[in-house]
file query.cif (mmCIF, C-alpha atoms)
data_my_file
loop_
_atom_site.label_atom_id
_atom_site.label_comp_id
_atom_site.auth_asym_id
_atom_site.auth_seq_id
_atom_site.Cartn_x
_atom_site.Cartn_y
_atom_site.Cartn_z
CA MET A 541 101.34 64.85 53.50
CA THR A 542 103.72 66.32 56.04
CA GLU A 543 102.72 67.02 59.61
CA LYS A 544 102.40 70.66 60.55
CA VAL A 545 105.34 71.82 62.67
CA ARG A 546 104.16 73.98 65.54
CA LYS A 547 106.28 76.09 67.89
CA LYS A 548 106.43 74.50 71.33
CA LEU A 549 106.06 75.74 74.89
CA ALA A 550 107.21 73.35 77.63
CA ILE A 551 106.49 74.15 81.28
CA ILE A 552 107.55 72.38 84.45
CA ALA A 553 104.60 73.23 86.69
CA HIS A 554 106.27 72.91 90.09
CA GLY A 555 104.29 75.42 92.14
CA GLY A 556 101.00 74.50 93.78
CA THR A 557 99.78 77.96 94.74
CA ILE A 558 97.24 80.18 92.97
CA ASP A 559 99.88 82.67 91.88
CA ARG A 560 101.86 79.97 90.04
CA LEU A 561 98.98 77.90 88.68
CA TYR A 562 97.32 80.86 86.97
CA PRO A 563 100.47 81.80 85.01
CA VAL A 564 100.81 78.18 83.84
CA PHE A 565 97.33 78.28 82.32
CA ILE A 566 97.37 81.93 81.19
CA LEU A 567 100.57 81.18 79.24
CA SER A 568 99.06 77.93 77.91
CA SER A 569 95.94 79.75 76.80
CA ALA A 570 97.92 82.50 75.03
CA ALA A 571 100.19 79.90 73.43
CA SER A 572 97.28 77.82 72.15
CA ALA A 573 95.69 80.97 70.66
CA MET A 574 99.02 81.35 68.80
CA ASP A 575 98.66 77.76 67.58
CA MET A 576 101.64 76.55 69.60
CA GLU A 577 101.92 73.07 71.05
CA ILE A 578 102.00 73.09 74.87
CA HIS A 579 103.50 70.47 77.17
CA LEU A 580 102.84 70.83 80.90
CA TYR A 581 104.83 68.62 83.25
CA PHE A 582 103.35 68.72 86.76
CA THR A 583 105.80 67.91 89.53
CA PHE A 584 106.09 68.37 93.31
CA TRP A 585 103.46 70.85 94.65
CA GLY A 586 102.09 71.28 91.15
CA LEU A 587 101.42 67.57 90.84
CA GLN A 588 99.68 67.47 94.20
CA MET A 589 97.18 69.94 92.75
CA LEU A 590 96.20 67.43 90.06
CA VAL A 591 94.77 65.16 92.74
CA LYS A 592 90.96 65.25 92.45
CA GLY A 593 89.48 68.13 94.44
CA ALA A 594 92.82 69.87 95.06
CA LEU A 595 92.73 72.71 92.48
CA GLU A 596 89.51 74.00 94.03
CA LYS A 597 91.38 74.50 97.31
CA ALA A 598 94.47 76.25 95.91
CA GLU A 599 95.83 78.97 98.22
CA LEU A 600 98.38 81.77 98.10
CA PRO A 601 101.90 81.10 99.49
CA ALA A 602 102.77 82.13 103.06
CA THR A 603 104.35 85.43 101.95
CA TYR A 604 101.10 86.63 100.39
CA LYS A 605 98.54 84.66 102.43
CA HIS A 606 97.02 87.88 103.82
CA LEU A 607 96.00 88.92 100.28
CA GLU A 608 94.12 85.69 99.52
CA GLY A 609 90.59 86.81 100.45
CA GLN A 610 90.98 90.02 98.47
CA LEU A 611 92.36 88.25 95.38
CA LYS A 612 89.68 85.57 95.41
CA SER A 613 86.85 88.10 95.72
CA SER A 614 88.34 90.25 92.97
CA LEU A 615 88.57 87.19 90.68
CA ARG A 616 84.93 86.40 91.47
CA MET A 617 83.83 89.96 90.69
CA MET A 618 85.69 89.84 87.35
CA LYS A 619 84.04 86.46 86.69
CA TYR A 620 87.58 85.23 86.02
CA PRO A 621 87.60 81.50 85.18
CA SER A 622 88.77 79.21 87.97
CA ILE A 623 92.11 77.39 87.61
CA TYR A 624 90.36 74.11 86.88
CA ASP A 625 88.17 75.79 84.25
CA MET A 626 91.30 77.19 82.61
CA LEU A 627 92.86 73.71 82.64
CA LYS A 628 89.75 72.29 80.95
CA MET A 629 89.74 75.05 78.33
CA ALA A 630 93.43 74.43 77.69
CA LYS A 631 92.74 70.73 77.10
CA ALA A 632 89.74 71.55 74.89
CA SER A 633 92.06 73.42 72.50
CA GLY A 634 93.60 70.06 71.63
CA LEU A 635 97.06 71.66 71.80
CA VAL A 636 97.84 71.10 75.48
CA LYS A 637 99.21 67.89 76.98
CA ILE A 638 99.32 67.32 80.73
CA TYR A 639 101.96 65.03 82.21
CA ALA A 640 102.27 63.84 85.80
CA CYS A 641 105.78 63.32 87.21
CA SER A 642 106.25 59.68 88.14
CA SER A 643 108.89 60.28 90.87
CA THR A 644 106.67 62.80 92.67
CA MET A 645 103.83 60.28 92.63
CA LYS A 646 106.04 57.75 94.40
CA MET A 647 107.43 60.37 96.79
CA PHE A 648 103.95 61.44 97.91
CA GLY A 649 102.17 58.09 97.51
CA ILE A 650 99.81 59.40 94.82
CA LYS A 651 98.15 56.80 92.58
CA LYS A 652 96.95 57.16 89.00
CA GLU A 653 93.31 56.90 90.06
CA ASP A 654 93.78 59.82 92.48
CA LEU A 655 94.46 62.20 89.58
CA ILE A 656 91.92 64.24 87.61
CA PRO A 657 90.99 62.61 84.29
CA GLU A 658 92.56 65.42 82.23
CA VAL A 659 96.07 64.03 82.87
CA ASP A 660 97.37 62.55 79.61
CA LYS A 661 100.31 60.53 80.82
CA ILE A 662 102.52 59.68 83.77
CA VAL A 663 106.16 60.12 82.75
CA GLY A 664 109.65 60.58 84.17
CA ALA A 665 111.89 63.62 83.94
CA ALA A 666 113.75 62.20 80.93
CA SER A 667 110.64 62.17 78.72
CA PHE A 668 110.02 65.75 79.64
CA LEU A 669 113.59 66.88 78.99
CA ASP A 670 113.33 65.33 75.57
CA LEU A 671 110.23 67.44 74.80
CA ALA A 672 111.73 70.56 76.38
CA SER A 673 114.92 70.30 74.35
CA LYS A 674 112.82 70.62 71.19
CA ALA A 675 110.73 73.51 72.53
CA GLU A 676 111.28 77.16 71.63
CA ILE A 677 110.37 78.11 75.21
CA ALA A 678 110.94 76.04 78.37
CA LEU A 679 110.01 77.43 81.77
CA PHE A 680 110.08 76.24 85.38
CA ILE A 681 107.13 77.79 87.21
CA MET B 635 122.09 98.63 55.87
CA THR B 636 121.04 95.59 57.84
CA GLU B 637 119.97 95.77 61.47
CA LYS B 638 122.35 94.23 63.95
CA VAL B 639 121.01 90.92 65.29
CA ARG B 640 121.56 90.64 69.01
CA LYS B 641 121.15 87.58 71.19
CA LYS B 642 118.04 87.90 73.36
CA LEU B 643 117.22 87.28 77.01
CA ALA B 644 113.50 87.17 77.91
CA ILE B 645 112.43 87.08 81.55
CA ILE B 646 109.00 86.70 83.10
CA ALA B 647 109.51 88.66 86.32
CA HIS B 648 106.85 87.04 88.49
CA GLY B 649 108.39 87.38 91.95
CA GLY B 650 108.01 90.53 93.99
CA THR B 651 110.58 89.86 96.70
CA ILE B 652 114.15 91.18 97.00
CA ASP B 653 115.68 87.77 96.30
CA ARG B 654 113.88 87.51 92.94
CA LEU B 655 114.05 91.15 91.84
CA TYR B 656 117.85 91.34 92.23
CA PRO B 657 118.47 88.31 89.96
CA VAL B 658 116.21 89.88 87.29
CA PHE B 659 118.35 93.00 87.20
CA ILE B 660 121.73 91.32 87.82
CA LEU B 661 121.05 89.06 84.81
CA SER B 662 119.82 92.07 82.79
CA SER B 663 122.93 94.03 83.66
CA ALA B 664 125.26 91.13 82.73
CA ALA B 665 123.31 90.55 79.50
CA SER B 666 123.45 94.20 78.48
CA ALA B 667 127.22 94.24 79.09
CA MET B 668 127.32 91.31 76.63
CA ASP B 669 125.35 93.46 74.15
CA MET B 670 122.28 91.24 74.36
CA GLU B 671 118.72 92.53 73.97
CA ILE B 672 116.68 92.10 77.17
CA HIS B 673 112.90 91.83 77.48
CA LEU B 674 111.42 91.89 80.99
CA TYR B 675 107.76 90.99 81.37
CA PHE B 676 106.49 91.90 84.83
CA THR B 677 103.50 89.89 86.01
CA PHE B 678 101.72 89.08 89.28
CA TRP B 679 103.87 90.04 92.34
CA GLY B 680 106.55 91.36 90.04
CA LEU B 681 104.14 93.77 88.38
CA GLN B 682 102.88 95.01 91.74
CA MET B 683 106.46 96.14 92.41
CA LEU B 684 106.33 98.47 89.39
CA VAL B 685 103.67 100.55 91.12
CA LYS B 686 105.27 103.87 92.17
CA GLY B 687 106.94 103.57 95.57
CA ALA B 688 106.74 99.76 95.74
CA LEU B 689 110.32 98.73 94.83
CA GLU B 690 111.66 100.78 97.74
CA LYS B 691 109.61 98.60 100.11
CA ALA B 692 110.57 95.19 98.67
CA GLU B 693 110.92 92.50 101.34
CA LEU B 694 112.20 88.93 101.61
CA PRO B 695 109.67 86.06 101.35
CA ALA B 696 108.24 84.46 104.52
CA THR B 697 110.79 81.62 104.51
CA TYR B 698 113.71 84.04 104.78
CA LYS B 699 112.04 87.02 106.47
CA HIS B 700 114.31 86.68 109.51
CA LEU B 701 117.36 87.41 107.33
CA GLU B 702 115.99 90.65 105.91
CA GLY B 703 117.61 93.10 108.32
CA GLN B 704 120.99 91.43 107.94
CA LEU B 705 120.79 91.37 104.11
CA LYS B 706 119.69 94.98 103.86
CA SER B 707 122.47 96.21 106.14
CA SER B 708 125.05 94.12 104.28
CA LEU B 709 123.84 95.60 100.95
CA ARG B 710 124.15 99.10 102.46
CA MET B 711 127.67 98.43 103.71
CA MET B 712 128.70 97.15 100.26
CA LYS B 713 127.06 100.28 98.77
CA TYR B 714 125.20 97.85 96.51
CA PRO B 715 122.79 99.70 94.18
CA SER B 716 119.12 99.51 95.15
CA ILE B 717 116.74 97.48 92.98
CA TYR B 718 115.25 100.66 91.50
CA ASP B 719 118.74 102.02 90.74
CA MET B 720 119.54 98.76 88.94
CA LEU B 721 116.30 99.05 86.96
CA LYS B 722 117.24 102.62 85.93
CA MET B 723 120.77 101.54 84.94
CA ALA B 724 119.29 98.68 82.92
CA LYS B 725 117.03 101.10 81.05
CA ALA B 726 119.93 103.53 80.51
CA SER B 727 121.79 100.82 78.57
CA GLY B 728 119.14 101.17 75.88
CA LEU B 729 119.02 97.37 75.59
CA VAL B 730 116.33 96.62 78.19
CA LYS B 731 112.59 96.85 77.60
CA ILE B 732 110.11 96.66 80.48
CA TYR B 733 106.61 95.31 79.86
CA ALA B 734 103.66 95.27 82.26
CA CYS B 735 101.25 92.33 82.07
CA SER B 736 97.79 93.57 81.13
CA SER B 737 95.84 90.70 82.83
CA THR B 738 97.61 91.29 86.14
CA MET B 739 96.73 94.97 85.96
CA LYS B 740 93.06 94.09 85.62
CA MET B 741 93.27 91.40 88.31
CA PHE B 742 94.75 93.81 90.86
CA GLY B 743 93.05 97.01 89.65
CA ILE B 744 96.34 98.70 88.74
CA LYS B 745 96.14 101.62 86.27
CA LYS B 746 98.77 102.83 83.80
CA GLU B 747 99.32 106.02 85.76
CA ASP B 748 100.09 103.99 88.92
CA LEU B 749 103.22 102.51 87.29
CA ILE B 750 106.75 103.96 87.35
CA PRO B 751 107.62 105.86 84.15
CA GLU B 752 110.31 103.33 83.12
CA VAL B 753 107.63 100.87 81.91
CA ASP B 754 107.76 100.76 78.11
CA LYS B 755 104.49 99.05 77.28
CA ILE B 756 101.46 97.24 78.68
CA VAL B 757 101.03 93.95 76.83
CA GLY B 758 99.37 90.55 77.08
CA ALA B 759 101.02 87.15 77.48
CA ALA B 760 100.86 86.49 73.71
CA SER B 761 103.14 89.44 72.87
CA PHE B 762 105.62 88.16 75.40
CA LEU B 763 105.53 84.56 74.17
CA ASP B 764 106.26 85.87 70.71
CA LEU B 765 109.41 87.62 71.99
CA ALA B 766 110.41 84.68 74.18
CA SER B 767 110.14 82.20 71.31
CA LYS B 768 112.84 84.19 69.50
CA ALA B 769 115.09 84.50 72.54
CA GLU B 770 118.16 82.35 73.19
CA ILE B 771 117.29 82.36 76.90
CA ALA B 772 113.82 82.56 78.47
CA LEU B 773 113.40 82.39 82.24
CA PHE B 774 110.53 82.56 84.74
CA ILE B 775 111.82 84.24 87.90
CA MET C 488 139.14 64.21 65.73
CA THR C 489 136.14 66.36 66.44
CA GLU C 490 134.69 66.84 69.89
CA LYS C 491 131.29 65.25 70.48
CA VAL C 492 128.55 67.87 70.62
CA ARG C 493 126.14 67.18 73.45
CA LYS C 494 122.76 68.80 74.10
CA LYS C 495 122.98 71.15 77.06
CA LEU C 496 120.87 71.83 80.15
CA ALA C 497 121.64 75.04 82.06
CA ILE C 498 120.03 75.68 85.44
CA ILE C 499 120.14 78.71 87.70
CA ALA C 500 119.74 77.02 91.08
CA HIS C 501 118.30 79.92 93.07
CA GLY C 502 116.16 78.08 95.62
CA GLY C 503 117.61 76.73 98.84
CA THR C 504 114.71 74.56 99.98
CA ILE C 505 114.28 70.78 99.64
CA ASP C 506 111.49 71.14 97.06
CA ARG C 507 113.73 73.15 94.72
CA LEU C 508 117.03 71.37 95.31
CA TYR C 509 115.62 67.93 94.48
CA PRO C 510 114.28 69.05 91.06
CA VAL C 511 117.72 70.52 90.24
CA PHE C 512 119.38 67.15 90.81
CA ILE C 513 116.55 64.95 89.50
CA LEU C 514 116.68 66.91 86.22
CA SER C 515 120.50 66.73 86.22
CA SER C 516 120.41 63.00 86.78
CA ALA C 517 117.87 62.44 83.98
CA ALA C 518 119.84 64.72 81.65
CA SER C 519 123.13 62.94 82.33
CA ALA C 520 121.45 59.58 81.63
CA MET C 521 120.50 61.12 78.26
CA ASP C 522 124.18 62.04 77.76
CA MET C 523 123.47 65.77 77.98
CA GLU C 524 125.95 68.29 79.37
CA ILE C 525 124.67 69.98 82.54
CA HIS C 526 125.65 73.39 83.92
CA LEU C 527 124.37 74.32 87.37
CA TYR C 528 124.80 77.91 88.50
CA PHE C 529 124.10 78.26 92.21
CA THR C 530 123.03 81.70 93.32
CA PHE C 531 121.29 83.35 96.29
CA TRP C 532 119.63 80.74 98.58
CA GLY C 533 120.90 77.98 96.32
CA LEU C 534 124.48 79.09 96.78
CA GLN C 535 124.08 79.26 100.56
CA MET C 536 123.30 75.56 100.44
CA LEU C 537 126.74 74.84 98.93
CA VAL C 538 128.36 76.00 102.17
CA LYS C 539 129.75 72.92 103.96
CA GLY C 540 127.10 71.28 106.13
CA ALA C 541 124.19 73.25 104.71
CA LEU C 542 122.59 70.72 102.33
CA GLU C 543 122.10 68.30 105.22
CA LYS C 544 119.92 70.92 106.92
CA ALA C 545 117.73 71.84 103.94
CA GLU C 546 114.11 72.56 104.90
CA LEU C 547 110.79 73.12 103.17
CA PRO C 548 109.65 76.72 102.54
CA ALA C 549 107.26 78.44 104.97
CA THR C 550 104.17 77.60 102.89
CA TYR C 551 104.80 73.85 103.21
CA LYS C 552 106.77 73.72 106.47
CA HIS C 553 104.06 71.63 108.14
CA LEU C 554 104.68 68.82 105.62
CA GLU C 555 108.42 68.59 106.28
CA GLY C 556 108.41 65.78 108.83
CA GLN C 557 106.12 63.66 106.68
CA LEU C 558 108.19 64.25 103.51
CA LYS C 559 111.49 63.49 105.23
CA SER C 560 110.19 60.26 106.74
CA SER C 561 108.67 59.19 103.43
CA LEU C 562 112.03 59.83 101.68
CA ARG C 563 113.78 57.77 104.36
CA MET C 564 111.32 54.88 103.97
CA MET C 565 111.83 54.92 100.19
CA LYS C 566 115.60 55.00 100.82
CA TYR C 567 115.61 58.01 98.48
CA PRO C 568 119.15 59.42 98.12
CA SER C 569 119.82 62.63 100.05
CA ILE C 570 120.30 65.89 98.13
CA TYR C 571 124.06 65.80 98.77
CA ASP C 572 124.24 62.19 97.56
CA MET C 573 122.42 63.20 94.38
CA LEU C 574 124.88 66.07 93.90
CA LYS C 575 127.80 63.64 94.27
CA MET C 576 126.25 61.16 91.81
CA ALA C 577 125.69 64.01 89.37
CA LYS C 578 129.34 65.00 89.59
CA ALA C 579 130.44 61.36 89.24
CA SER C 580 128.74 61.22 85.83
CA GLY C 581 131.39 63.62 84.57
CA LEU C 582 128.69 65.56 82.73
CA VAL C 583 127.70 68.01 85.46
CA LYS C 584 129.53 71.25 86.29
CA ILE C 585 128.74 73.23 89.43
CA TYR C 586 129.31 76.98 89.49
CA ALA C 587 129.06 79.35 92.44
CA CYS C 588 127.79 82.89 91.80
CA SER C 589 130.50 85.40 92.68
CA SER C 590 128.11 88.30 93.48
CA THR C 591 126.15 86.19 95.95
CA MET C 592 129.38 85.19 97.68
CA LYS C 593 130.21 88.87 98.22
CA MET C 594 126.63 89.71 99.25
CA PHE C 595 126.60 87.03 101.95
CA GLY C 596 130.30 87.10 102.86
CA ILE C 597 130.88 83.50 101.75
CA LYS C 598 134.49 82.51 101.01
CA LYS C 599 135.78 79.88 98.60
CA GLU C 600 136.97 77.68 101.47
CA ASP C 601 133.47 77.69 102.97
CA LEU C 602 132.09 75.81 99.95
CA ILE C 603 131.86 72.03 99.47
CA PRO C 604 134.71 70.67 97.31
CA GLU C 605 132.37 69.63 94.48
CA VAL C 606 132.11 73.25 93.28
CA ASP C 607 133.99 73.55 89.99
CA LYS C 608 134.32 77.29 89.61
CA ILE C 609 133.28 80.67 91.00
CA VAL C 610 131.94 82.79 88.16
CA GLY C 611 129.78 85.84 87.45
CA ALA C 612 126.40 85.99 85.77
CA ALA C 613 127.96 86.79 82.36
CA SER C 614 129.83 83.47 82.19
CA PHE C 615 126.62 81.68 82.96
CA LEU C 616 124.53 83.59 80.40
CA ASP C 617 127.12 82.67 77.81
CA LEU C 618 126.63 78.95 78.63
CA ALA C 619 122.86 79.28 78.85
CA SER C 620 122.59 80.97 75.45
CA LYS C 621 124.11 77.84 73.91
CA ALA C 622 121.90 75.44 75.88
CA GLU C 623 118.79 73.73 74.49
CA ILE C 624 117.13 74.13 77.89
CA ALA C 625 117.71 76.92 80.42
CA LEU C 626 115.72 77.01 83.66
CA PHE C 627 115.55 79.20 86.76
CA ILE C 628 114.67 77.00 89.73
#

call {"tool": "encode", "arguments": {"input": "query.cif", "output": "structure tokens"}}
result
Amino acid sequence: MTEKVRKKLAIIAHGGTIDRLYPVFILSSAASAMDMEIHLYFTFWGLQMLVKGALEKAELPATYKHLEGQLKSSLRMMKYPSIYDMLKMAKASGLVKIYACSSTMKMFGIKKEDLIPEVDKIVGAASFLDLASKAEIALFI
Amino acid sequence: MTEKVRKKLAIIAHGGTIDRLYPVFILSSAASAMDMEIHLYFTFWGLQMLVKGALEKAELPATYKHLEGQLKSSLRMMKYPSIYDMLKMAKASGLVKIYACSSTMKMFGIKKEDLIPEVDKIVGAASFLDLASKAEIALFI
Amino acid sequence: MTEKVRKKLAIIAHGGTIDRLYPVFILSSAASAMDMEIHLYFTFWGLQMLVKGALEKAELPATYKHLEGQLKSSLRMMKYPSIYDMLKMAKASGLVKIYACSSTMKMFGIKKEDLIPEVDKIVGAASFLDLASKAEIALFI
């Protein structure tokens, strides 16, 4: 029996703000519905948001800060899933892997036990480049 | 007769500031001169700039806000085309398609009739991933 | 004798802040350790940082400005190489090429002699797209 070969989406999730985290998970959700394999490499501000309790406090960047209240209330009215809920749904598909960038963890003094349990693995940039070079789509968000 | 196969450039145009919108259209213009096929998927802040009258008011992000006056006057002196002019030129090449992200439209309450007429289609992330997976270059800007 | 074919990483280095410049060089360093060929195209804020003396003054973006002192002191304590040192190490690998975007130079009135000597070539977007379309991984950072 041969293993099924899926198309791959590889994302470097660098941004830590609402407007960047949603696209990471909206793309992951669409890709998993298309039966793609998704690899999310969280680094820098993105990684900081994988610390327990951080996603719940995600904000908009300085440029758009004044729109935050309005966006959050509109998401609530639409009963739009929260970022963390989208992450959990992504994981539940079985097609999404979440990696934490080892250099960022050192740079910011973040330990493994600080991270949410949905993280699959702590890896360096080389492991991710290897995955990304085999992916049909690689994005830096 | 077989259809000509062109190389493809797929861009998720996420940013809504001058410094991100220009690269989207400078890359599109260079790619169309190379006879590539270009697919631009406007989402989040990028999509908001496709609302009629918005591109004319594009600004720099908070970090560089203090350079805005200087940049705008330097672009005027160079008679550099405006972002909207570049969008129109891109469309005139016949090689550029402009997509509006359907989830963003719901999130921000934007209706079809609010958008500039150059938008080709309103689609979801899945349609775009399908295009991007066939593209030689896919970027998130 | 045939030339060795290496996998390629192509990056549009658009950001000019610490949090975007480090990823450019961390990815370049990992890719060169994997014997990949790396093409870095500096444009907009990224290009401005190739002006002599600029990299040394790189800052964090407005959203994260309040964390700058803490990040810089943590990098110093870790004896983490500076961005310019990482650029020099990248070049020393012989696998990294640095390009300056010609349109940005005109837009900001930057001259060839203003740039650090590590820049290999001043080119337009078309030359870069040509490289990127042959690369396994293309990113906009």

call {"tool": "residues_around", "arguments": {"input": "query.cif", "residues": "region 760-771 of chain B", "least_positions_apart": "6", "cutoff": "6 Å", "atoms": "only C-alpha atoms", "output": "list in words"}}
result
Ala570, Glu676 and Ile677 of chain A; Lys642, Leu643 and Ala644 of chain B; Ser620 of chain C

call {"tool": "atom_distance", "arguments": {"input": "query.cif", "atom1": "CA of Gln588 (chain A)", "atom2": "CA of Leu561 (chain A)"}}
result
11.8 Å

call {"tool": "resolve_selection", "arguments": {"input": "query.cif", "expression": "the PyMOL selection byres ((chain A) within 7 of (chain C))", "output": "ChimeraX atom specification"}}
result
/A:601-602,647,665-666,672-673,678-680

call {"tool": "atom_distance", "arguments": {"input": "query.cif", "atom1": "CA of Tyr586 (chain C)", "atom2": "CA of Pro568 (chain C)"}}
result
22.0 Å

call {"tool": "resolve_selection", "arguments": {"input": "query.cif", "expression": "the PyMOL selection byres ((chain B and resi 727) around 10)", "output": "PyMOL selection string"}}
result
chain B and resi 662-663+666-667+669+671+722-726+728-730

call {"tool": "residues_around", "arguments": {"input": "query.cif", "residues": "Glu599 (chain A)", "least_positions_apart": "5", "cutoff": "8 Å", "atoms": "all atoms listed in the file", "output": "ChimeraX atom specification"}}
result
/A:557-558,605,608

call {"tool": "atom_distance", "arguments": {"input": "query.cif", "atom1": "CA of Ile750 (chain B)", "atom2": "CA of Lys619 (chain A)"}}
result
28.7 Å

call {"tool": "residues_near_point", "arguments": {"input": "query.cif", "point": "(94.3, 66.4, 81.5)", "cutoff": "7 Å", "atoms": "only C-alpha atoms", "output": "list in words"}}
result
Lys631, Lys637, Ile638, Ile656, Pro657, Glu658, Val659 and Asp660 of chain A

call {"tool": "write_last_selection", "arguments": {"input": "query.cif", "atoms": "C-alpha atoms", "output": "compact mmCIF listing (two decimals), in the coordinates of the input"}}
result
# COMPACT_ATOMS: atom_id res chain seq x y z
CA LYS A 631 92.74 70.73 77.10
CA LYS A 637 99.21 67.89 76.98
CA ILE A 638 99.32 67.32 80.73
CA ILE A 656 91.92 64.24 87.61
CA PRO A 657 90.99 62.61 84.29
CA GLU A 658 92.56 65.42 82.23
CA VAL A 659 96.07 64.03 82.87
CA ASP A 660 97.37 62.55 79.61

call {"tool": "closest_residue", "arguments": {"input": "query.cif", "among": "A:Glu596, A:Lys651, A:Val564, A:Leu580", "to": "Tyr624 (chain A)", "atoms": "only C-alpha atoms"}}
result
A:Glu596

call {"tool": "closest_residue", "arguments": {"input": "query.cif", "among": "B:Leu701, B:Leu694, B:Ile756, B:Leu681", "to": "Phe595 (chain C)", "atoms": "all atoms listed in the file"}}
result
B:Leu701

call {"tool": "build_atoms", "arguments": {"input": "query.cif", "residues": "region 735-749 of chain B", "atoms": "N, CA, C and O atoms", "output": "PDB file, in the coordinates of the input"}}
result
ATOM      1  N   CYS B 735     102.245  93.324  82.483  1.00  0.00           N
ATOM      2  CA  CYS B 735     101.250  92.330  82.070  1.00  0.00           C
ATOM      3  C   CYS B 735      99.844  92.889  82.220  1.00  0.00           C
ATOM      4  O   CYS B 735      99.397  93.236  83.323  1.00  0.00           O
ATOM      5  N   SER B 736      99.115  92.956  81.112  1.00  0.00           N
ATOM      6  CA  SER B 736      97.790  93.570  81.130  1.00  0.00           C
ATOM      7  C   SER B 736      96.779  92.805  81.996  1.00  0.00           C
ATOM      8  O   SER B 736      95.974  93.405  82.694  1.00  0.00           O
ATOM      9  N   SER B 737      96.815  91.450  82.002  1.00  0.00           N
ATOM     10  CA  SER B 737      95.840  90.700  82.830  1.00  0.00           C
ATOM     11  C   SER B 737      96.062  90.978  84.309  1.00  0.00           C
ATOM     12  O   SER B 737      95.107  91.090  85.075  1.00  0.00           O
ATOM     13  N   THR B 738      97.345  91.012  84.725  1.00  0.00           N
ATOM     14  CA  THR B 738      97.610  91.290  86.140  1.00  0.00           C
ATOM     15  C   THR B 738      97.072  92.652  86.530  1.00  0.00           C
ATOM     16  O   THR B 738      96.528  92.826  87.627  1.00  0.00           O
ATOM     17  N   MET B 739      97.211  93.629  85.638  1.00  0.00           N
ATOM     18  CA  MET B 739      96.730  94.970  85.960  1.00  0.00           C
ATOM     19  C   MET B 739      95.231  94.962  86.226  1.00  0.00           C
ATOM     20  O   MET B 739      94.763  95.576  87.191  1.00  0.00           O
ATOM     21  N   LYS B 740      94.502  94.207  85.390  1.00  0.00           N
ATOM     22  CA  LYS B 740      93.060  94.090  85.620  1.00  0.00           C
ATOM     23  C   LYS B 740      92.780  93.362  86.934  1.00  0.00           C
ATOM     24  O   LYS B 740      91.977  93.787  87.747  1.00  0.00           O
ATOM     25  N   MET B 741      93.496  92.235  87.125  1.00  0.00           N
ATOM     26  CA  MET B 741      93.270  91.400  88.310  1.00  0.00           C
ATOM     27  C   MET B 741      93.459  92.192  89.607  1.00  0.00           C
ATOM     28  O   MET B 741      92.751  91.984  90.583  1.00  0.00           O
ATOM     29  N   PHE B 742      94.461  93.076  89.632  1.00  0.00           N
ATOM     30  CA  PHE B 742      94.750  93.810  90.860  1.00  0.00           C
ATOM     31  C   PHE B 742      94.286  95.279  90.798  1.00  0.00           C
ATOM     32  O   PHE B 742      94.601  96.058  91.696  1.00  0.00           O
ATOM     33  N   GLY B 743      93.555  95.632  89.729  1.00  0.00           N
ATOM     34  CA  GLY B 743      93.050  97.010  89.650  1.00  0.00           C
ATOM     35  C   GLY B 743      94.138  98.058  89.582  1.00  0.00           C
ATOM     36  O   GLY B 743      94.033  99.132  90.172  1.00  0.00           O
ATOM     37  N   ILE B 744      95.239  97.745  88.884  1.00  0.00           N
ATOM     38  CA  ILE B 744      96.340  98.700  88.740  1.00  0.00           C
ATOM     39  C   ILE B 744      96.160  99.469  87.429  1.00  0.00           C
ATOM     40  O   ILE B 744      95.865  98.879  86.397  1.00  0.00           O
ATOM     41  N   LYS B 745      96.297 100.804  87.489  1.00  0.00           N
ATOM     42  CA  LYS B 745      96.140 101.620  86.270  1.00  0.00           C
ATOM     43  C   LYS B 745      97.495 102.067  85.741  1.00  0.00           C
ATOM     44  O   LYS B 745      98.468 102.142  86.489  1.00  0.00           O
ATOM     45  N   LYS B 746      97.532 102.398  84.462  1.00  0.00           N
ATOM     46  CA  LYS B 746      98.770 102.830  83.800  1.00  0.00           C
ATOM     47  C   LYS B 746      99.481 103.911  84.600  1.00  0.00           C
ATOM     48  O   LYS B 746     100.696 103.875  84.787  1.00  0.00           O
ATOM     49  N   GLU B 747      98.708 104.886  85.075  1.00  0.00           N
ATOM     50  CA  GLU B 747      99.320 106.020  85.760  1.00  0.00           C
ATOM     51  C   GLU B 747      99.867 105.651  87.152  1.00  0.00           C
ATOM     52  O   GLU B 747     100.599 106.446  87.767  1.00  0.00           O
ATOM     53  N   ASP B 748      99.538 104.441  87.629  1.00  0.00           N
ATOM     54  CA  ASP B 748     100.090 103.990  88.920  1.00  0.00           C
ATOM     55  C   ASP B 748     101.534 103.497  88.750  1.00  0.00           C
ATOM     56  O   ASP B 748     102.277 103.391  89.725  1.00  0.00           O
ATOM     57  N   LEU B 749     101.914 103.159  87.530  1.00  0.00           N
ATOM     58  CA  LEU B 749     103.220 102.510  87.290  1.00  0.00           C
ATOM     59  C   LEU B 749     104.367 103.526  87.173  1.00  0.00           C
ATOM     60  O   LEU B 749     104.163 104.663  86.750  1.00  0.00           O
TER      61      LEU B 749
END
